[in-house]
Each structure stands twice: as structure tokens, then as C-alpha cells.
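Raw coords-v4.cif, mmCIF, C-alpha atoms and all ligand atoms:
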data_target
#
loop_
_atom_site.label_atom_id
_atom_site.label_comp_id
_atom_site.auth_asym_id
_atom_site.auth_seq_id
_atom_site.Cartn_x
_atom_site.Cartn_y
_atom_site.Cartn_z
CA MET O 1 30.47 -24.67 74.55
CA ARG O 2 31.58 -21.12 75.31
CA LYS O 3 30.83 -20.04 78.87
CA PRO O 4 28.92 -16.73 78.78
CA LEU O 5 30.69 -13.73 80.28
CA ILE O 6 28.82 -10.74 81.67
CA ALA O 7 31.11 -7.80 82.37
CA GLY O 8 30.18 -4.53 84.05
CA ASN O 9 32.17 -1.53 82.82
CA TRP O 10 31.62 1.09 85.50
CA LYS O 11 33.45 3.76 83.45
CA MET O 12 34.12 6.94 85.51
CA HIS O 13 31.25 6.43 87.92
CA GLY O 14 30.73 5.99 91.63
CA SER O 15 32.04 6.99 95.02
CA LEU O 16 33.79 4.63 97.40
CA SER O 17 30.54 3.90 99.23
CA GLN O 18 28.64 3.37 95.96
CA ALA O 19 31.32 0.97 94.74
CA LYS O 20 31.04 -0.99 97.99
CA SER O 21 27.27 -1.22 97.91
CA LEU O 22 27.23 -2.18 94.24
CA VAL O 23 29.64 -5.05 94.90
CA ASP O 24 27.64 -6.11 97.96
CA GLY O 25 24.47 -6.18 95.88
CA ILE O 26 26.04 -8.24 93.11
CA LYS O 27 27.75 -10.61 95.57
CA GLN O 28 24.50 -11.51 97.29
CA HIS O 29 23.11 -13.25 94.21
CA ALA O 30 26.01 -13.96 91.86
CA ALA O 31 26.58 -17.48 93.20
CA GLN O 32 23.24 -18.54 91.64
CA TYR O 33 24.79 -18.01 88.24
CA ALA O 34 27.73 -20.39 88.47
CA ASP O 35 27.29 -21.41 84.83
CA ILE O 36 28.45 -18.00 83.61
CA ASP O 37 31.47 -15.81 84.32
CA ILE O 38 30.74 -12.47 85.97
CA LEU O 39 33.23 -9.64 85.93
CA VAL O 40 33.32 -6.07 87.20
CA LEU O 41 35.57 -3.31 85.85
CA PRO O 42 35.67 -0.48 88.41
CA THR O 43 37.70 2.73 88.17
CA PHE O 44 41.40 2.47 89.07
CA VAL O 45 40.85 4.04 92.49
CA HIS O 46 38.17 1.52 93.41
CA LEU O 47 39.99 -1.57 92.15
CA TYR O 48 41.72 -2.49 95.36
CA ILE O 49 38.71 -2.22 97.66
CA VAL O 50 36.59 -4.14 95.15
CA HIS O 51 39.28 -6.80 95.02
CA GLU O 52 39.13 -7.15 98.81
CA LEU O 53 35.34 -7.32 98.78
CA LEU O 54 35.31 -9.98 96.06
CA LYS O 55 37.60 -12.36 97.96
CA GLY O 56 35.99 -15.78 98.29
CA THR O 57 33.60 -15.17 95.38
CA ALA O 58 33.88 -16.28 91.76
CA ILE O 59 33.36 -12.73 90.45
CA GLY O 60 36.28 -11.56 88.35
CA LEU O 61 38.00 -8.19 88.50
CA GLY O 62 39.27 -6.11 85.61
CA ALA O 63 40.52 -2.62 84.81
CA GLN O 64 39.36 -0.24 82.10
CA ASN O 65 42.75 0.71 80.70
CA LEU O 66 46.51 0.32 81.11
CA TYR O 67 49.71 1.89 79.94
CA LEU O 68 52.79 0.33 78.39
CA GLY O 69 55.83 -0.94 80.24
CA ALA O 70 56.10 -2.33 83.77
CA GLN O 71 56.97 0.98 85.39
CA GLY O 72 58.59 4.27 84.53
CA ALA O 73 58.20 8.03 84.29
CA PHE O 74 54.62 8.07 82.97
CA THR O 75 52.80 10.40 85.34
CA GLY O 76 49.20 9.43 85.88
CA GLU O 77 49.43 6.02 84.24
CA ILE O 78 49.02 2.43 85.50
CA SER O 79 50.88 -0.60 84.11
CA ALA O 80 49.61 -4.09 83.30
CA ALA O 81 51.99 -5.49 85.94
CA MET O 82 50.44 -3.23 88.59
CA LEU O 83 46.97 -4.38 87.64
CA ALA O 84 47.97 -8.04 87.80
CA ASP O 85 49.71 -7.43 91.13
CA ILE O 86 46.54 -6.17 92.80
CA GLY O 87 44.43 -9.04 91.52
CA CYS O 88 43.02 -7.99 88.15
CA ARG O 89 42.51 -10.76 85.62
CA TYR O 90 41.02 -8.74 82.78
CA VAL O 91 41.55 -5.34 81.17
CA LEU O 92 39.61 -3.42 78.53
CA ILE O 93 41.67 -2.48 75.50
CA GLY O 94 40.62 -0.04 72.80
CA HIS O 95 37.27 1.01 74.22
CA SER O 96 35.71 3.51 71.80
CA GLU O 97 35.85 6.18 74.50
CA ARG O 98 39.64 5.70 74.63
CA ARG O 99 39.87 5.81 70.84
CA THR O 100 37.74 8.94 70.39
CA ILE O 101 38.11 11.08 73.54
CA PHE O 102 41.76 10.19 74.20
CA HIS O 103 42.77 9.75 70.54
CA GLU O 104 44.23 6.27 71.04
CA ASP O 105 45.12 4.97 67.61
CA VAL O 106 45.37 1.42 66.37
CA GLU O 107 49.15 1.24 67.04
CA LEU O 108 48.73 2.18 70.69
CA THR O 109 45.75 -0.17 71.00
CA ALA O 110 47.85 -3.01 69.57
CA ALA O 111 50.72 -2.23 71.97
CA LYS O 112 48.34 -2.17 74.93
CA PHE O 113 46.85 -5.50 73.86
CA LYS O 114 50.34 -7.02 73.79
CA ALA O 115 51.19 -5.48 77.17
CA ALA O 116 48.10 -7.13 78.67
CA ILE O 117 49.00 -10.53 77.25
CA GLU O 118 52.61 -10.24 78.45
CA ALA O 119 51.38 -9.50 81.99
CA ARG O 120 49.02 -12.51 81.76
CA LEU O 121 45.95 -10.33 81.88
CA ILE O 122 43.02 -11.22 79.63
CA PRO O 123 42.46 -8.31 77.25
CA ILE O 124 38.89 -7.50 76.24
CA LEU O 125 39.47 -5.89 72.86
CA CYS O 126 36.67 -3.47 71.98
CA ILE O 127 35.82 -2.80 68.36
CA GLY O 128 32.87 -1.32 66.52
CA GLU O 129 31.71 1.19 63.94
CA THR O 130 30.22 4.68 64.25
CA ARG O 131 26.74 5.53 63.00
CA GLU O 132 28.13 7.16 59.83
CA GLU O 133 30.26 4.11 59.09
CA ARG O 134 27.22 1.82 59.46
CA GLU O 135 25.10 4.07 57.27
CA GLN O 136 27.80 3.96 54.60
CA GLY O 137 27.84 0.17 54.70
CA GLU O 138 31.35 0.18 56.19
CA THR O 139 30.68 -1.93 59.29
CA ASN O 140 32.60 -5.02 58.18
CA ASN O 141 35.46 -2.93 56.82
CA ILE O 142 35.84 -1.09 60.11
CA ILE O 143 35.73 -4.32 62.09
CA GLN O 144 38.47 -5.72 59.89
CA LYS O 145 40.56 -2.54 60.12
CA GLN O 146 40.36 -2.62 63.91
CA LEU O 147 40.98 -6.34 64.31
CA ASP O 148 43.59 -7.23 61.67
CA PRO O 149 46.40 -5.01 63.03
CA ILE O 150 46.01 -6.53 66.49
CA ILE O 151 46.15 -10.07 65.09
CA HIS O 152 49.15 -9.07 63.01
CA SER O 153 50.99 -7.44 65.90
CA ALA O 154 50.20 -9.82 68.78
CA GLY O 155 49.86 -13.02 66.75
CA ILE O 156 46.71 -15.12 66.57
CA ASP O 157 47.82 -17.33 69.49
CA ALA O 158 47.41 -14.36 71.83
CA PHE O 159 43.67 -14.59 71.13
CA ARG O 160 43.53 -17.90 73.02
CA HIS O 161 43.69 -15.69 76.11
CA ALA O 162 41.57 -12.79 74.90
CA VAL O 163 37.96 -11.70 74.66
CA ILE O 164 36.53 -9.47 71.92
CA ALA O 165 33.71 -7.01 72.54
CA TYR O 166 31.66 -5.75 69.61
CA GLU O 167 30.47 -2.33 70.66
CA PRO O 168 28.81 -0.31 67.92
CA VAL O 169 29.69 3.26 68.89
CA TRP O 170 26.19 4.52 68.03
CA ALA O 171 24.67 2.17 70.60
CA ILE O 172 26.92 3.12 73.53
CA GLY O 173 25.11 5.13 76.18
CA THR O 174 22.46 6.19 73.67
CA GLY O 175 19.64 3.81 74.52
CA LEU O 176 19.85 2.59 70.92
CA THR O 177 20.71 -1.09 70.73
CA ALA O 178 21.80 -3.07 67.71
CA THR O 179 19.01 -5.42 66.72
CA PRO O 180 19.78 -9.05 67.50
CA LEU O 181 20.29 -9.60 63.76
CA GLN O 182 22.66 -6.62 63.34
CA ALA O 183 24.66 -7.77 66.33
CA GLN O 184 24.71 -11.42 65.24
CA GLU O 185 25.94 -10.45 61.76
CA ALA O 186 28.80 -8.40 63.19
CA HIS O 187 29.72 -11.14 65.68
CA ALA O 188 29.69 -13.79 62.94
CA TYR O 189 31.95 -11.58 60.82
CA ILE O 190 34.39 -11.13 63.71
CA ARG O 191 34.45 -14.89 64.28
CA GLN O 192 35.03 -15.42 60.56
CA ILE O 193 38.11 -13.16 60.66
CA ILE O 194 39.48 -15.16 63.59
CA MET O 195 38.59 -18.40 61.78
CA LYS O 196 40.71 -17.41 58.78
CA ASN O 197 43.65 -17.33 61.18
CA ASN O 198 42.84 -20.24 63.47
CA VAL O 199 39.75 -22.44 63.49
CA ASP O 200 40.13 -23.65 67.10
CA ILE O 201 40.48 -20.15 68.50
CA ALA O 202 37.47 -19.01 66.47
CA LYS O 203 35.40 -21.76 68.09
CA THR O 204 36.42 -20.92 71.64
CA ILE O 205 36.90 -17.16 71.76
CA ARG O 206 34.16 -15.24 73.53
CA ILE O 207 32.67 -12.29 71.66
CA LEU O 208 30.63 -9.96 73.85
CA TYR O 209 28.03 -7.44 72.73
CA GLY O 210 28.13 -3.94 74.23
CA GLY O 211 25.89 -0.94 73.64
CA SER O 212 22.80 -0.22 75.74
CA MET O 213 22.39 -3.85 76.77
CA LYS O 214 19.87 -4.06 79.58
CA ALA O 215 17.51 -6.52 81.22
CA GLU O 216 14.81 -5.88 78.59
CA ASN O 217 16.93 -6.71 75.54
CA ALA O 218 19.47 -9.12 77.04
CA VAL O 219 17.62 -12.34 76.20
CA SER O 220 17.14 -11.50 72.51
CA LEU O 221 20.83 -10.61 72.15
CA LEU O 222 22.30 -13.40 74.26
CA THR O 223 20.36 -16.11 72.41
CA GLN O 224 22.16 -15.27 69.15
CA PRO O 225 24.63 -18.03 68.26
CA ASP O 226 27.74 -15.84 68.10
CA ILE O 227 26.98 -13.59 71.09
CA ASP O 228 28.75 -15.00 74.13
CA GLY O 229 27.95 -12.38 76.71
CA GLY O 230 27.73 -8.67 77.30
CA LEU O 231 29.87 -5.68 78.15
CA ILE O 232 27.47 -3.53 80.10
CA GLY O 233 27.87 0.17 80.87
CA GLY O 234 24.91 2.02 82.36
CA ALA O 235 22.95 -1.06 83.44
CA SER O 236 25.96 -2.41 85.36
CA LEU O 237 25.76 0.46 87.87
CA ASP O 238 22.63 -0.94 89.45
CA ALA O 239 23.01 -4.37 91.06
CA ALA O 240 19.44 -5.47 90.28
CA SER O 241 19.70 -4.55 86.57
CA PHE O 242 23.11 -6.15 86.24
CA LEU O 243 21.90 -9.33 87.93
CA LYS O 244 18.90 -9.55 85.58
CA ILE O 245 21.32 -9.60 82.66
CA CYS O 246 23.36 -12.29 84.48
CA ALA O 247 20.13 -14.27 84.92
CA ALA O 248 19.39 -14.01 81.17
CA ALA O 249 22.89 -15.26 80.34
CA SER O 250 22.59 -18.09 82.83
CA GLN O 251 19.26 -19.12 81.32
CA GLU O 252 20.89 -19.22 77.89
CA ALA O 253 23.82 -21.25 79.24
CA ALA O 254 21.37 -23.78 80.72
CA ALA O 255 19.48 -24.00 77.43
CA LEU O 256 22.68 -24.62 75.48
CA LYS O 257 23.71 -27.35 77.91
CA ALA O 258 20.36 -29.08 77.49
CA HIS O 259 20.89 -29.36 73.73
P1 LIG X 301 26.22 1.30 77.77
O1 LIG X 301 25.76 -0.06 78.24
O2 LIG X 301 26.01 2.36 78.80
O3 LIG X 301 25.65 1.65 76.43
O4 LIG X 301 27.81 1.21 77.58
C1 LIG X 301 28.34 0.19 76.81
C2 LIG X 301 29.80 0.23 76.96
O5 LIG X 301 30.47 1.12 76.46
C3 LIG X 301 30.44 -0.83 77.75
O6 LIG X 301 31.82 -0.81 77.60
#
When written as C-alpha cells, how does the structure in this file appear?
Amino acid sequence: MRKPLIAGNWKMHGSLSQAKSLVDGIKQHAAQYADIDILVLPTFVHLYIVHELLKGTAIGLGAQNLYLGAQGAFTGEISAAMLADIGCRYVLIGHSERRTIFHEDVELTAAKFKAAIEARLIPILCIGETREEREQGETNNIIQKQLDPIIHSAGIDAFRHAVIAYEPVWAIGTGLTATPLQAQEAHAYIRQIIMKNNVDIAKTIRILYGGSMKAENAVSLLTQPDIDGGLIGGASLDAASFLKICAAASQEAAALKAH
């Protein structure tokens, strides 16, 4: 059984005091959901304080990006080794906002994925199609084009220590959510690509859904067989909303156990 993972991507949001109160709010109730993994991904400047506040809890910490190499003359960048050193376990790689706003191409995404693995961070590789690509029936093609080069470059074994997030670009921050069926189909296709490379990894790898997931739609998405959790943007900035999604995932974990 795959343990559900609920991850909060805070993006470029929050002040120091907001970061502290958000963590406090999540901490108060997270222990009730021991059957799932909970993770927060604050901004770089809030990582360290969040790390301190999370000590003694089971809540994981991750970053939203990294740059290549351990250190060097790369003004404004942060390396995988630095993230690991301050207590991060996870890092987002290839978020659609990185790909579109910052023009990160598939080669850079693949190199960042490898850098995460080499630093023993767990990369959360984000993939997904735009609205136009979906309307043109290109969803599966795009998924394959985004996933294959990473498998090719890092090797399938690297995916033993990775998470994939299916985030249809048209659903991110728009209030539009993929229907449970649309999401399930994409997740099943992703798992099928992994399966062609390694059956065991396909069975164990967690594939998260991201794109306007919130308390109201979490149950219908998380009960799909190939959806193993969520990568939450907007709804992760409010402790109560985030915890409701954690509760939905925990309920699903309990139901799976009972079977
Ligand atoms: P929203 O939940 O705000 O749509 O963001 C999803 C996302 O991009 C998470 O990485």
C-alpha cells in the first residue's frame, strides 16, 4: 500500500509571522493523521525557521526549487546540498511555474532532478499539460515528453526515491480542477510509463494530484486508485483547509487498510 502524501506548496507567499502561525496551526492537529505523510514547502527564506518549528513532529520539510552543483558563483541560487544541510527532505522539480515563467527546459529539469537525487533529497517531479494541449488530445504525449527524458537521464532506479506530481497547468490556481476521471486517467498513464521501465517502482511510487485541490474536492480525487496524495497550492496557506485535505487522505488510507 502506498502511504498518501499531502504536500503544501506555499509558493511565494507569506511573511515570517504568517509562516510561523501556519506551521503552528498545522502542528496542532497533524499528529492525528499518522497514517499519511504531511509535508510543507515554504519559501527559501522561511525554510530554516519552519525547520526549527517542526522539530519533534513528523511533518516533512521541502523546498520549491534548487540549482545545480554544491556551491559556486551562482548569485541568487541555492544548492541541493544546502537544502539537505538545513533539514529539507524533499524538493519540487519542474513545477510548471518554473517551466513557463522562468523558461526552465527539460534538460535543466532533468539536471535538477539528478542533483536532488545525488544530494539524497526526494524530488517531486511536476508534470502536466496546458489547456490547449488537452483540447488537442495531447495530454498523454505531453506527459510522456516530460517524463521520458528524466527517466533516460537519471535512470529508472532514481525513481525509487522520487515522487511524481501530475499538475494540469489549466487547473493550477484557476479554481478549475481535473475531474476525478481525468486525473485518474493521467495518473494511470504516468504509472504505465514507469511500469514499462520497472514494475516494482511503478507499484510503489507515489503520484500526487495538483491543481485547485481543496477540502471540497479532495475526497473524490484521493479515492481514485492511482492518486496517492495532493500537491496543494492556495488551500495549503490556511491551516484549517490544509488539515481538511489531510483528513480526507487519512480517511482514504484507513479505508485502504481495512480492505
Ligand atoms: P493550486 O492548488 O493553488 O491550484 O496550486 C497547485 C500547485 O501548483 C501546487 O504546486
Worksheet item: With distances taken over all atoms listed in the file, which of O:Thr204, O:Ser212, O:Thr109, O:Ser153 is nearest to Lys3 of chain O?
Response: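 That would be O:Thr204, the residue with the smallest distance to Lys3 of chain O.
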Discussion item. Residues within 8 Å of (43.5, -22.1, 67.5), file coordinates, counting all atoms listed in the file: what are they? Give the list as a VMD selection string.
Written reply: chain O and resid 156 to 157 160 197 to 202
Discussion item. Taking all atoms listed in the file into account, list the residues no farther than 9 Å from ligand LIG 301 (chain X), as a ChimeraX atom specification.
Written reply: /O:7-11,64,92,95-97,126,165,167-177,209-214,230-236
Discussion item. Just want the 12 Å neighbourhood of segment 182-186 of chain O, counted on only C-alpha atoms, with same-chain residues fewer than 2 positions away dropped. Output as a ChimeraX atom specification.
Written reply: /O:127-129,134,138-144,164-168,171,177-180,188-193,207-211,213,218,220-230
Box for segment 178-197 of chain O - axis-aligned, 3 Å on each of the six sides, all listed atoms - centre and size in Å to one decimal, as lines of an AutoDock Vina configuration file.
center_x = 31.3
center_y = -10.7
center_z = 63.2
size_x = 30.6
size_y = 21.3
size_z = 14.9
